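Next comes entry-v9.txt, with compact mmCIF, C-alpha atoms.
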```txt
# COMPACT_ATOMS: atom_id res chain seq x y z
CA MET F 6 -19.98 22.76 2.99
CA ASN F 7 -21.79 19.81 1.67
CA PHE F 8 -19.33 17.44 0.22
CA ARG F 9 -21.15 14.23 0.64
CA THR F 10 -22.09 13.37 -2.83
CA PRO F 11 -20.74 10.44 -4.76
CA ARG F 12 -19.51 12.78 -7.44
CA ARG F 13 -17.36 14.62 -4.97
CA VAL F 14 -16.09 11.40 -3.50
CA ALA F 15 -15.05 10.23 -6.91
CA LEU F 16 -13.54 13.59 -7.64
CA LEU F 17 -11.52 13.59 -4.51
CA LEU F 18 -10.25 10.12 -5.12
CA ALA F 19 -9.34 11.18 -8.58
CA MET F 20 -7.61 14.29 -7.30
CA THR F 21 -5.61 12.28 -4.83
CA ALA F 22 -4.66 9.92 -7.57
CA VAL F 23 -3.74 12.68 -9.90
CA SER F 24 -1.48 14.33 -7.40
CA VAL F 25 0.28 11.07 -6.80
CA SER F 26 0.54 10.30 -10.47
CA LEU F 27 1.73 13.74 -11.34
CA VAL F 28 4.50 13.62 -8.85
CA ALA F 29 5.47 10.17 -9.93
CA ALA F 30 5.55 11.43 -13.46
CA ALA F 31 7.48 14.50 -12.49
CA CYS F 32 10.04 12.49 -10.60
CA GLY F 33 10.48 9.83 -13.20
CA GLY F 34 9.76 11.75 -16.30
CA ASP F 35 11.71 14.93 -16.28
CA ASP F 36 14.36 13.58 -18.53
CA ASP F 37 12.82 10.60 -20.12
CA ASP F 38 14.09 11.64 -23.47
CA ASP F 39 17.49 10.22 -22.75
CA ASP F 40 16.41 7.06 -20.99
CA ALA F 41 17.96 4.74 -23.49
CA ALA F 42 21.25 6.53 -23.38
CA ASP F 43 21.18 6.61 -19.59
CA THR F 44 20.64 2.92 -19.30
CA ALA F 45 23.41 2.20 -21.69
CA THR F 46 25.73 4.53 -19.83
CA ALA F 47 24.88 2.92 -16.54
CA THR F 48 25.68 -0.50 -17.82
CA THR F 49 29.08 0.70 -18.87
CA THR F 50 29.68 2.70 -15.75
CA SER F 51 28.82 -0.09 -13.38
CA THR F 52 31.72 -2.21 -14.52
CA ALA F 53 34.22 0.46 -13.55
CA ALA F 54 32.40 1.86 -10.56
CA THR F 55 33.70 1.98 -7.05
CA THR F 56 31.78 -0.31 -4.75
CA THR F 57 30.75 0.93 -1.37
CA THR F 58 29.11 -1.11 1.29
CA GLY F 59 25.91 -0.54 3.20
CA THR F 60 25.79 2.73 5.04
CA ALA F 61 29.52 3.30 4.71
CA THR F 62 30.29 6.70 3.32
CA GLN F 63 33.29 6.05 1.17
CA VAL F 64 35.14 8.83 -0.40
CA ALA F 65 33.78 9.24 -3.85
CA SER F 66 30.12 8.39 -3.71
CA PRO F 67 27.60 11.10 -2.85
CA ILE F 68 25.01 8.35 -2.55
CA THR F 69 24.45 6.73 0.83
CA ILE F 70 21.95 4.00 1.54
CA SER F 71 20.38 3.27 4.90
CA GLY F 72 17.55 1.31 6.48
CA VAL F 73 17.71 -1.50 3.98
CA TRP F 74 15.22 -4.29 4.54
CA ALA F 75 13.29 -6.86 2.57
CA ARG F 76 9.84 -8.25 3.23
CA ALA F 77 9.42 -11.76 4.57
CA THR F 78 7.33 -13.86 2.23
CA THR F 79 5.93 -17.34 1.79
CA ASN F 80 5.82 -17.22 -1.99
CA ASP F 81 8.17 -16.29 -4.80
CA VAL F 82 7.87 -12.51 -4.72
CA SER F 83 9.06 -9.92 -2.25
CA ALA F 84 10.20 -6.31 -2.10
CA ALA F 85 13.20 -4.47 -0.70
CA TYR F 86 13.11 -0.99 0.78
CA MET F 87 15.65 1.63 1.82
CA MET F 88 16.47 5.30 2.11
CA ILE F 89 18.72 6.67 -0.61
CA LYS F 90 20.46 9.90 0.23
CA ASN F 91 22.22 11.92 -2.39
CA THR F 92 24.60 14.73 -1.48
CA GLY F 93 25.74 15.21 -5.05
CA VAL F 94 24.23 15.98 -8.42
CA GLN F 95 21.13 14.24 -9.71
CA ASP F 96 21.59 10.53 -10.14
CA ARG F 97 19.39 7.66 -11.12
CA LEU F 98 18.95 4.13 -9.79
CA VAL F 99 18.82 2.22 -13.04
CA SER F 100 18.92 -1.42 -12.01
CA ALA F 101 19.49 -3.85 -9.18
CA THR F 102 20.40 -7.47 -8.67
CA ALA F 103 19.91 -9.68 -5.63
CA ASP F 104 21.35 -12.99 -4.56
CA VAL F 105 17.95 -14.46 -3.74
CA SER F 106 16.25 -13.57 -6.99
CA PRO F 107 17.06 -13.94 -10.68
CA LYS F 108 14.67 -11.16 -11.61
CA VAL F 109 14.76 -7.77 -9.92
CA GLN F 110 13.01 -4.57 -10.96
CA ILE F 111 12.62 -1.08 -9.58
CA HIS F 112 8.93 -0.38 -9.19
CA GLU F 113 6.59 2.48 -8.55
CA VAL F 114 2.99 2.40 -7.36
CA ILE F 115 0.39 4.36 -9.26
CA THR F 116 -3.04 4.99 -7.78
CA GLU F 117 -5.80 5.95 -10.15
CA GLY F 118 -9.29 6.41 -8.80
CA ASN F 119 -9.76 3.76 -6.15
CA THR F 120 -7.36 1.22 -7.61
CA SER F 121 -3.59 0.92 -7.43
CA LYS F 122 -1.08 -0.79 -9.63
CA MET F 123 2.66 -1.18 -9.68
CA GLN F 124 5.01 -1.09 -12.61
CA GLU F 125 8.67 -0.88 -13.47
CA ILE F 126 9.82 2.74 -13.44
CA PRO F 127 10.68 3.68 -17.00
CA GLY F 128 14.34 4.62 -17.10
CA GLY F 129 14.87 3.97 -13.41
CA LEU F 130 14.36 5.96 -10.23
CA VAL F 131 15.62 9.54 -10.29
CA ILE F 132 17.51 10.57 -7.17
CA PRO F 133 17.46 14.38 -7.26
CA ALA F 134 20.53 16.38 -6.32
CA ASN F 135 20.93 16.91 -2.59
CA ALA F 136 17.80 15.00 -1.74
CA SER F 137 16.68 11.73 -0.23
CA VAL F 138 14.31 9.29 -1.80
CA GLU F 139 12.73 6.63 0.35
CA LEU F 140 11.68 3.28 -0.95
CA LYS F 141 8.94 2.19 1.43
CA PRO F 142 5.76 0.13 1.54
CA GLY F 143 3.09 1.53 -0.70
CA GLY F 144 5.54 3.42 -2.89
CA TYR F 145 8.83 2.86 -4.60
CA HIS F 146 10.24 -0.59 -4.02
CA ILE F 147 12.70 -3.03 -5.46
CA MET F 148 10.68 -6.03 -6.52
CA LEU F 149 12.26 -9.43 -6.14
CA MET F 150 10.66 -12.03 -8.38
CA ASP F 151 10.91 -15.75 -9.08
CA LEU F 152 12.56 -16.49 -5.73
CA PRO F 153 13.75 -20.06 -6.15
CA THR F 154 13.36 -20.69 -2.42
CA LYS F 155 9.73 -19.54 -2.57
CA LYS F 156 10.19 -17.77 0.74
CA LEU F 157 12.20 -15.25 2.68
CA ASP F 158 12.44 -15.77 6.42
CA VAL F 159 12.65 -13.06 9.06
CA GLY F 160 16.29 -12.49 9.98
CA GLN F 161 17.62 -13.75 6.67
CA LYS F 162 20.04 -11.49 4.77
CA VAL F 163 19.58 -10.49 1.16
CA GLU F 164 22.61 -9.18 -0.73
CA ILE F 165 21.65 -6.49 -3.22
CA ASP F 166 23.72 -4.63 -5.79
CA LEU F 167 22.25 -1.29 -6.80
CA VAL F 168 23.44 0.27 -10.02
CA PHE F 169 23.32 4.05 -10.27
CA GLU F 170 23.84 5.96 -13.45
CA LYS F 171 26.60 8.13 -11.98
CA ALA F 172 27.57 6.57 -8.64
CA GLY F 173 27.92 3.14 -10.18
CA LYS F 174 27.39 -0.04 -8.27
CA ILE F 175 26.64 0.07 -4.55
CA HIS F 176 26.32 -3.11 -2.54
CA VAL F 177 23.88 -3.27 0.37
CA THR F 178 22.66 -6.01 2.67
CA ALA F 179 18.97 -6.15 3.46
CA GLU F 180 17.66 -7.77 6.60
CA VAL F 181 14.45 -9.65 6.08
CA LYS F 182 11.67 -8.32 8.30
CA GLN F 183 8.01 -9.03 8.65
CA GLY F 184 7.36 -5.49 7.54
CA GLY F 185 4.30 -4.53 9.55
CA GLY F 186 3.90 -1.52 11.75
CA MET F 187 5.18 -3.48 14.71
CA ASP F 188 8.70 -3.96 13.49
CA MET F 189 9.07 -1.05 11.17
CA GLY F 190 10.47 1.07 13.96
CA SER F 191 10.74 4.79 13.62
CA GLY F 192 13.15 4.59 10.74
CA GLY F 193 10.92 2.53 8.57
CA MET F 194 8.20 5.05 8.08
CA SER F 195 10.15 8.26 8.40
CA GLY F 196 8.86 9.85 5.30
CA THR F 197 9.43 13.40 6.47
CA GLY F 198 12.76 13.92 4.86
CA THR F 199 11.49 12.48 1.65
CA ALA F 200 8.41 14.62 1.54
CA THR F 201 10.24 17.82 2.28
CA SER F 202 12.72 17.20 -0.48
CA GLY F 203 9.93 17.91 -2.89
CA HIS F 204 10.96 14.98 -4.97
CA GLY F 205 9.55 12.25 -2.83
CA MET F 206 7.75 9.23 -4.05
CA GLY F 207 4.09 8.91 -4.68
CA THR F 208 3.17 7.68 -1.27
CA ALA F 209 5.09 10.29 0.63
CA THR F 210 3.49 12.91 -1.51
CA ALA F 211 0.09 11.42 -0.98
CA SER F 212 0.63 11.67 2.75
CA ALA F 213 1.71 15.25 2.42
CA THR F 214 -1.36 15.98 0.36
CA GLY F 215 -3.50 14.30 2.97
CA THR F 216 -1.99 16.47 5.66
CA ALA F 217 -2.81 19.58 3.76
CA MET F 218 -6.37 18.48 3.26
CA ARG F 219 -6.90 17.52 6.83
CA MET Z 4 -3.59 29.05 11.33
CA LEU Z 5 -2.67 26.38 8.86
CA ARG Z 6 -5.25 24.08 10.28
CA LYS Z 7 -7.89 26.78 10.08
CA THR Z 8 -6.97 27.70 6.54
CA LEU Z 9 -7.25 24.12 5.55
CA ALA Z 10 -10.50 23.51 7.32
CA ALA Z 11 -12.50 24.23 4.23
CA ALA Z 12 -10.48 21.78 2.27
CA LEU Z 13 -11.03 19.26 4.97
CA CYS Z 14 -14.77 19.43 4.56
CA ALA Z 15 -14.18 18.28 1.06
CA VAL Z 16 -12.08 15.46 2.22
CA ALA Z 17 -14.48 13.30 4.00
CA VAL Z 18 -12.86 10.55 2.03
CA LEU Z 19 -9.35 9.42 2.55
CA SER Z 20 -8.08 11.69 5.18
CA ALA Z 21 -5.02 9.58 5.47
CA ALA Z 22 -4.57 9.30 9.13
CA ALA Z 23 -0.91 8.89 8.60
CA CYS Z 24 -1.16 12.61 8.55
CA ASN Z 25 -3.13 13.03 11.71
CA SER Z 26 -0.54 11.66 14.06
CA GLY Z 27 -3.31 10.89 16.42
CA ASP Z 28 -3.65 14.36 17.83
CA ASP Z 29 -6.93 15.28 16.24
CA ASP Z 30 -9.05 14.48 19.24
CA ALA Z 31 -7.32 17.08 21.32
CA SER Z 32 -7.08 19.69 18.64
CA ASP Z 33 -10.69 19.26 17.60
CA SER Z 34 -11.86 20.00 21.10
CA THR Z 35 -9.76 23.13 21.34
CA ASP Z 36 -10.57 24.48 17.92
CA PRO Z 37 -13.46 26.94 18.33
CA THR Z 38 -14.33 26.58 14.67
CA ALA Z 39 -14.74 22.85 14.92
CA SER Z 40 -18.24 21.55 14.47
CA PRO Z 41 -19.70 19.19 17.05
CA THR Z 42 -18.25 15.71 16.91
CA THR Z 43 -19.76 13.73 14.12
CA THR Z 44 -19.34 10.15 13.11
CA ALA Z 45 -16.77 11.23 10.61
CA ASP Z 46 -14.71 12.98 13.26
CA ARG Z 47 -14.49 9.86 15.33
CA PHE Z 48 -12.60 7.95 12.67
CA ARG Z 49 -9.27 8.50 11.01
CA GLY Z 50 -10.12 6.50 7.92
CA GLY Z 51 -11.93 7.96 4.97
CA ILE Z 52 -15.70 8.41 5.15
CA VAL Z 53 -17.51 7.21 2.06
CA THR Z 54 -20.86 8.77 1.21
CA PRO Z 55 -22.92 7.09 0.05
CA PRO Z 56 -21.29 3.99 1.49
CA PHE Z 57 -20.08 1.10 -0.64
CA ASP Z 58 -22.62 -1.69 -0.97
CA LYS Z 59 -21.40 -5.17 -0.21
CA PRO Z 60 -21.07 -7.16 -3.42
CA ASP Z 61 -23.89 -9.65 -3.86
CA ILE Z 62 -21.82 -12.61 -4.98
CA VAL Z 63 -21.06 -16.22 -4.20
CA LEU Z 64 -17.33 -16.90 -4.49
CA THR Z 65 -15.11 -19.82 -3.53
CA ASP Z 66 -13.31 -19.89 -0.19
CA THR Z 67 -9.90 -21.37 0.55
CA ASP Z 68 -11.46 -24.73 1.36
CA GLY Z 69 -12.97 -24.77 -2.11
CA ASN Z 70 -16.48 -24.23 -0.76
CA PRO Z 71 -19.04 -21.67 -1.98
CA PHE Z 72 -19.03 -18.49 0.07
CA ASP Z 73 -22.01 -16.14 -0.14
CA LEU Z 74 -20.37 -12.89 0.83
CA ARG Z 75 -23.46 -11.10 2.07
CA LYS Z 76 -25.03 -14.05 3.87
CA GLU Z 77 -21.82 -15.22 5.49
CA THR Z 78 -20.80 -11.83 6.81
CA GLU Z 79 -24.10 -10.06 7.46
CA GLY Z 80 -24.44 -8.73 10.96
CA GLU Z 81 -20.71 -8.70 11.51
CA LEU Z 82 -18.02 -6.09 11.07
CA THR Z 83 -16.11 -7.04 7.95
CA LEU Z 84 -13.01 -5.62 6.32
CA LEU Z 85 -12.93 -6.28 2.58
CA TYR Z 86 -9.84 -5.97 0.44
CA ILE Z 87 -9.13 -6.91 -3.14
CA GLY Z 88 -5.55 -7.78 -4.01
CA TYR Z 89 -3.39 -10.64 -5.22
CA THR Z 90 -0.83 -12.88 -3.63
CA HIS Z 91 1.98 -12.07 -6.08
CA CYS Z 92 1.72 -8.46 -4.93
CA PRO Z 93 5.00 -7.69 -3.15
CA ASP Z 94 4.15 -4.37 -1.61
CA ILE Z 95 0.72 -2.90 -0.94
CA CYS Z 96 -1.27 -6.09 -0.41
CA PRO Z 97 1.04 -7.64 2.18
CA THR Z 98 1.39 -4.25 3.84
CA HIS Z 99 -2.37 -3.96 4.31
CA MET Z 100 -2.69 -7.56 5.48
CA LEU Z 101 0.13 -7.20 7.98
CA GLU Z 102 -1.16 -3.94 9.39
CA VAL Z 103 -4.62 -5.40 9.85
CA ALA Z 104 -3.19 -8.53 11.45
CA ASP Z 105 -0.96 -6.47 13.74
CA ALA Z 106 -3.84 -4.21 14.69
CA MET Z 107 -6.04 -7.18 15.51
CA GLU Z 108 -3.29 -8.61 17.66
CA GLN Z 109 -3.18 -5.35 19.59
CA LEU Z 110 -6.95 -5.36 19.97
CA GLY Z 111 -6.80 -8.73 21.65
CA ALA Z 112 -8.41 -12.01 20.75
CA GLU Z 113 -11.86 -11.19 22.04
CA ASP Z 114 -12.26 -8.02 20.00
CA ALA Z 115 -10.44 -9.43 16.99
CA ALA Z 116 -12.92 -12.28 16.88
CA LYS Z 117 -15.67 -9.74 16.21
CA LEU Z 118 -14.09 -8.74 12.91
CA ASN Z 119 -14.06 -10.63 9.62
CA VAL Z 120 -11.21 -9.96 7.24
CA VAL Z 121 -12.06 -10.94 3.67
CA PHE Z 122 -9.48 -10.93 0.90
CA ILE Z 123 -10.82 -11.28 -2.63
CA THR Z 124 -8.25 -11.98 -5.30
CA ALA Z 125 -7.97 -9.81 -8.40
CA ASP Z 126 -5.83 -12.54 -9.94
CA PRO Z 127 -7.87 -15.75 -9.98
CA ALA Z 128 -5.58 -17.30 -12.60
CA ARG Z 129 -2.75 -17.62 -10.08
CA ASP Z 130 -4.66 -17.43 -6.83
CA THR Z 131 -6.14 -20.84 -6.31
CA PRO Z 132 -7.72 -21.59 -2.92
CA GLU Z 133 -4.51 -23.37 -1.87
CA VAL Z 134 -2.23 -20.51 -2.94
CA MET Z 135 -4.40 -18.00 -1.14
CA ARG Z 136 -4.61 -20.03 2.06
CA LYS Z 137 -0.84 -20.34 2.29
CA TRP Z 138 -0.38 -16.63 1.64
CA LEU Z 139 -3.09 -15.51 4.07
CA ASP Z 140 -1.78 -17.79 6.81
CA HIS Z 141 1.41 -15.75 6.74
CA PHE Z 142 -0.70 -12.96 8.24
CA SER Z 143 -3.54 -14.69 10.03
CA THR Z 144 -5.18 -18.07 9.81
CA SER Z 145 -8.48 -16.30 10.50
CA PHE Z 146 -8.42 -14.27 7.27
CA ILE Z 147 -10.97 -15.37 4.71
CA GLY Z 148 -9.73 -15.75 1.13
CA LEU Z 149 -12.10 -15.77 -1.82
CA THR Z 150 -11.56 -16.49 -5.46
CA GLY Z 151 -13.83 -16.99 -8.45
CA THR Z 152 -14.04 -16.85 -12.19
CA GLU Z 153 -12.84 -13.79 -14.05
CA GLU Z 154 -16.50 -12.87 -14.61
CA GLN Z 155 -17.23 -13.13 -10.89
CA ILE Z 156 -14.21 -11.03 -9.99
CA ASN Z 157 -15.23 -8.43 -12.55
CA SER Z 158 -18.72 -8.42 -11.07
CA VAL Z 159 -17.29 -7.69 -7.63
CA HIS Z 160 -15.48 -4.70 -9.09
CA ASP Z 161 -18.58 -3.53 -10.95
CA GLN Z 162 -20.62 -3.64 -7.78
CA LEU Z 163 -17.98 -1.56 -6.02
CA HIS Z 164 -17.71 0.84 -8.96
CA MET Z 165 -14.06 -0.07 -9.29
CA ALA Z 166 -12.23 -0.56 -12.58
CA HIS Z 167 -11.71 -4.17 -13.57
CA PRO Z 168 -8.23 -5.51 -12.81
CA THR Z 169 -5.62 -4.72 -15.42
CA PHE Z 170 -2.48 -6.75 -15.97
CA THR Z 171 1.00 -5.33 -16.47
CA ASP Z 172 3.60 -7.62 -18.02
CA LEU Z 173 6.77 -7.72 -15.93
CA GLY Z 174 8.54 -10.19 -18.20
CA ASP Z 175 9.42 -13.88 -17.95
CA GLY Z 176 5.86 -14.84 -17.12
CA ASN Z 177 5.52 -12.35 -14.28
CA TYR Z 178 2.78 -9.78 -14.21
CA ALA Z 179 1.37 -7.15 -11.90
CA VAL Z 180 -2.34 -6.73 -11.29
CA SER Z 181 -4.21 -3.55 -10.48
CA HIS Z 182 -6.29 -3.81 -7.34
CA ALA Z 183 -8.27 -1.86 -4.78
CA ALA Z 184 -6.40 1.01 -3.22
CA LEU Z 185 -8.71 0.86 -0.23
CA VAL Z 186 -9.65 -1.55 2.49
CA LEU Z 187 -13.41 -1.23 2.93
CA ALA Z 188 -14.95 -1.48 6.39
CA TYR Z 189 -18.45 -2.95 6.32
CA THR Z 190 -20.72 -2.42 9.27
CA GLU Z 191 -23.28 -4.97 10.41
CA ASP Z 192 -25.80 -3.84 7.79
CA ASN Z 193 -23.75 -4.78 4.71
CA VAL Z 194 -22.59 -1.30 3.76
CA ALA Z 195 -19.12 0.22 4.04
CA PRO Z 196 -19.19 3.86 5.13
CA LEU Z 197 -15.49 3.78 6.00
CA ALA Z 198 -12.44 3.00 3.90
CA PHE Z 199 -8.74 2.86 4.66
CA PRO Z 200 -6.18 4.04 2.11
CA ASN Z 201 -2.66 2.90 1.38
CA GLY Z 202 -0.31 4.19 4.03
CA PHE Z 203 -2.83 3.99 6.85
CA GLU Z 204 -0.54 3.26 9.74
CA LEU Z 205 -0.82 0.74 12.53
CA GLU Z 206 -1.82 3.16 15.26
CA ASN Z 207 -4.64 4.41 13.08
CA TRP Z 208 -5.82 0.92 12.29
CA VAL Z 209 -5.92 0.16 15.99
CA HIS Z 210 -7.74 3.42 16.70
CA ASP Z 211 -10.47 2.95 14.11
CA LEU Z 212 -10.99 -0.77 14.54
CA ASN Z 213 -11.20 -0.27 18.26
CA LYS Z 214 -13.90 2.37 17.81
CA LEU Z 215 -15.81 0.25 15.30
CA ILE Z 216 -15.77 -2.78 17.55
CA ASP Z 217 -16.39 -1.05 20.88
CA GLU Z 218 -18.70 1.80 19.91
CA GLY Z 219 -20.01 0.85 16.49
CA TRP Z 220 -20.31 3.08 13.48
CA GLU Z 221 -23.17 5.13 14.90
CA GLN Z 222 -22.42 6.10 18.42
```
Taking this structure as input, can you express it in the form of structure tokens?
Amino acid sequence: MNFRTPRRVALLLAMTAVSVSLVAAACGGDDDDDDAADTATATTTSTAATTTTGTATQVASPITISGVWARATTNDVSAAYMMIKNTGVQDRLVSATADVSPKVQIHEVITEGNTSKMQEIPGGLVIPANASVELKPGGYHIMLMDLPTKKLDVGQKVEIDLVFEKAGKIHVTAEVKQGGGMDMGSGGMSGTGTATSGHGMGTATASATGTAMR
Amino acid sequence: MLRKTLAAALCAVAVLSAAACNSGDDDASDSTDPTASPTTTADRFRGGIVTPPFDKPDIVLTDTDGNPFDLRKETEGELTLLYIGYTHCPDICPTHMLEVADAMEQLGAEDAAKLNVVFITADPARDTPEVMRKWLDHFSTSFIGLTGTEEQINSVHDQLHMAHPTFTDLGDGNYAVSHAALVLAYTEDNVAPLAFPNGFELENWVHDLNKLIDEGWEQ
């Protein structure tokens, strides 16, 4: 098979991008019609919600968070990552706050052709029923902006409150790490669970696509 | 069987076979797969093969000392990784830079010295030479940072057949910038036949950079 033409290269890149985009759209977009209502609900819910801590599995919440870390930085932006496991019905991460940053958003990465961009996920990040969604480098992340300290040092702790539409507010503590392959450990890049859930993020899906192609 | 079934698809994937998916076992499996073709250049690398290769942009930008930097002249004859990103990028850009820095550390100083890493900003409005130097130093003081006018940056993208950067408002003066999804690997002759996608993991970086440095693109 002769694939080596620029047209095919472009096509493949486009296909890869499309598959990523489609999944991102599918994950984030399946009930966009009620985004406004959801956000409003979440705001209300969070005030009355039970707070759980870190990986603790307290009674009510079907949502558990693990592997929370934030990227060390020398400027005023960073990102936080984690695995979100949901043993209940579909939920949605609608907002987050952090002690180190006055401006926090939940972002997705979209790759189109041979360029990538990130943006706030409209309506928040859907956490499908009985599935795990991983926030990891190159995919979903919690962006921390306008850091007044203009840095995050390795070993520092970042306190983050996550607000879910149904589970309410969940507090987690992120350890600041360099973030490269050397200190990611096995947990950091364990995208398997995410990919098999069928509702994984763009990057996990891209990897799965790559596997199939290779 | 799965592998065999997918072999046809693989032919079509010379680009961007994300090695994250290869788990490093392809050498062994290739040699045991009776349907595998003889080892080609493409088979030796886990990154994506780009045909025809990317040309190196013919451009004079500004380095982090504020001096003119003629990309082709300054890097000709040397292995060079080229990436386009921006320093206010919280996720993909620092991930790429860290992985490359970590891989070079594993390669050792002697081999690492044979590789240029060039970071061109897609966000010249914020990325002054000083801002870029501070950001790059977080990864490696050896990384070369280049900025320029918006026209120059657009020209770089044109020459690489990449879309010009787009800007997404994040509110309160913050914005995101679109940027290359690939790190391009230029061989000594100013073309990049190899590119590394997002999610290319450390072990794969080490594998491919090691091969490039020790064996070269053409064996």
**Q.** Pick from F:Lys162, F:Arg97, F:His176, F:Arg76, whichever lies nearest to chain Z using only C-alpha atoms
**A.**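 Comparing F:Lys162, F:Arg97, F:His176, F:Arg76 against chain Z, the winner is F:Arg76.
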Q. At what distance in Å, to one decimal, does CA of Ser106 (chain F) lie from CA of Gly148 (chain Z)?
A. 27.3 Å
Q: Name the closest residue to Pro55 (chain Z) among the candidates Z:Leu197, Z:Pro93, Z:Ile216, Z:Ala184; distances are taken between atoms, counting all atoms listed in the file.
A: Z:Leu197
Q: Work out how far CA of Phe72 (chain Z) is from CA of Leu139 (chain Z), in Å to one decimal.
A: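 If I compute the distance from CA of Leu139 (chain Z) to CA of Phe72 (chain Z), I get 16.7 Å.
With CA of Thr120 (chain F) on one side and CA of Leu84 (chain Z) on the other, the separation reads 16.5 Å.
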Q. Which of these, Z:Glu102, Z:Glu221, Z:Asp126, Z:Glu154, has the shortest distance to chain F once you count all atoms listed in the file?
A.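 Among the listed residues, Z:Glu102 lies closest to chain F.
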Q.
Counting only C-alpha atoms, which residue out of Z:Val180, Z:Leu64, Z:Ile147, Z:Val186 sits closest to Val120 (chain Z)?
A.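 That would be Z:Ile147, the residue with the smallest distance to Val120 (chain Z).
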Q: Determine, counting all atoms listed in the file, every residue of protein, DNA or RNA that lies within 6 Å of (16.2, 2.8, 3.6) in the file coordinates, then give the result as a list in words.
A: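 Output of the proximity query reads Ser71, Gly72, Val73, Tyr86, Met87 and Met88 of chain F.
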Q: Could you tell me which of Z:Ala128, Z:Ile95, Z:Val194, Z:Leu163 comes closest to chain F if we count only C-alpha atoms?
A: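 Going through Z:Ala128, Z:Ile95, Z:Val194, Z:Leu163 one by one, the smallest distance to chain F is for Z:Ile95.
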